[in-house]
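Structure first, commentary second.
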Amino acid sequence: MSSAIIQLLVLAGIAVFLILRLRSVLGTRDGFEKPPAPLPGSSERRRSGRPELDVIEGGPDRDITDHVEDGSQAAKALAAMKMAEPGFNVTEFLEGARGAYEMILMAFEKGDIEDVRGFLSPEVADTFDTVIADRKAQGLSINANFVGVREVSLASAEFDRDSSEGNVTVRLVGELTSVVTNSDGDVVEGDPSEIKRQRDVWTFSRRMGSDDPNWILVATGE
């Protein structure tokens, strides 16, 4: 057998070994993966970038324990939500809540919530409408600019097994500039160069496993 043929056989053997080695490390992926469902204020969920290794059999779900204490009522509620809807991801939910916060807060500040009404419960929408109407009756208007969200953290979670309704309460701290002017255009409150912090505690609700991907804002507070 010539030396050229022997070299080819050796190279082929090395190539086969490397392919098998890579497959054992990286695994294989076949078929189409269903895209994640959208969250508040987004037509599509944003991926967390975290490898799908959060849930380890017999161990804690890091996607939950990264945000609430392991074994707490909130952790149990979040675990139940995941059982009702396996695609639910807490980290991705909080990212969606961040986007929804900016969208809803700025709509309220500007006095027009029509574009976000579908993300509000009737009670919250009525409250916003009342405040906006009172503001207009006094001849006041707000010029606001959103700077960013400084903090998003999970405060509590509840799950009703009978109705499959999940409720997640989130603490949010936003930064914005805001100036209130009267009907004459005079500034009565605020400074356009001063960044203020807006602290809110919002509760979002959704029936887990439903076809509607949107979480609804059902309560606001501080």
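Lettering and numbering for the structure tokens are positional, with chains as A, B, ... in the shown order, residues counted from 1 in each chain, and ligands counted from 1 in the shown order.
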Legend entry - Contacts of Ala137 (chain A) at 12 Å (only C-alpha atoms; same-chain gap of 6+ positions) as a PyMOL selection string: chain A and resi 130-131+182-183
Those same residues, written as a PDB file, in the first residue's frame with N, CA, C and O atoms?
```
ATOM      1  N   THR A 130     -59.367  59.033  34.323  1.00  0.00           N
ATOM      2  CA  THR A 130     -59.830  60.056  35.267  1.00  0.00           C
ATOM      3  C   THR A 130     -58.740  61.084  35.551  1.00  0.00           C
ATOM      4  O   THR A 130     -58.989  62.295  35.541  1.00  0.00           O
ATOM      5  N   VAL A 131     -57.540  60.602  35.791  1.00  0.00           N
ATOM      6  CA  VAL A 131     -56.422  61.513  36.082  1.00  0.00           C
ATOM      7  C   VAL A 131     -56.121  62.399  34.873  1.00  0.00           C
ATOM      8  O   VAL A 131     -55.900  63.608  35.003  1.00  0.00           O
ATOM      9  N   ASN A 182     -49.081  75.178  32.417  1.00  0.00           N
ATOM     10  CA  ASN A 182     -50.501  75.527  32.443  1.00  0.00           C
ATOM     11  C   ASN A 182     -50.964  75.939  31.047  1.00  0.00           C
ATOM     12  O   ASN A 182     -50.209  75.857  30.075  1.00  0.00           O
ATOM     13  N   SER A 183     -52.202  76.383  30.969  1.00  0.00           N
ATOM     14  CA  SER A 183     -52.780  76.729  29.664  1.00  0.00           C
ATOM     15  C   SER A 183     -52.062  77.894  28.991  1.00  0.00           C
ATOM     16  O   SER A 183     -52.157  78.070  27.770  1.00  0.00           O
TER      17      SER A 183
END
```
Inset, instruction - Write down as a PyMOL selection string the residues belonging to region 80-195 of chain A that are assigned helix (DSSP H, G or I) by DSSP computed on the backbone. - result: chain A and resi 80-84+90-110+114-119+122-137
Inset, instruction - Could you give me, as a PyMOL selection string, the residues within 12 Å of Ala74 (chain A), counting only C-alpha atoms and dropping anything in the same chain fewer than 4 positions from it? - result: chain A and resi 64-65+67-70+78-81+90+154-159+166-170
Legend entry - Non-local contacts of Asp200 (chain A) (9 Å; only C-alpha atoms; under 2 positions in same chain excluded) as a PyMOL selection string: chain A and resi 170-174+198+202+220-222
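Excluding Val124 (chain A) itself and any same-chain residue fewer than 3 positions from it, the protein and nucleic acid residues within 12 Å of it, counting only C-alpha atoms, are Ile104, Phe108, Ile113, Val116, Arg117, Gly118, Phe119, Leu120, Ser121, Thr127, Phe128, Asp129, Thr130, Val131, Trp202, Thr203, Phe204, Ile216, Leu217, Val218, Ala219, Thr220 and Gly221 of chain A.
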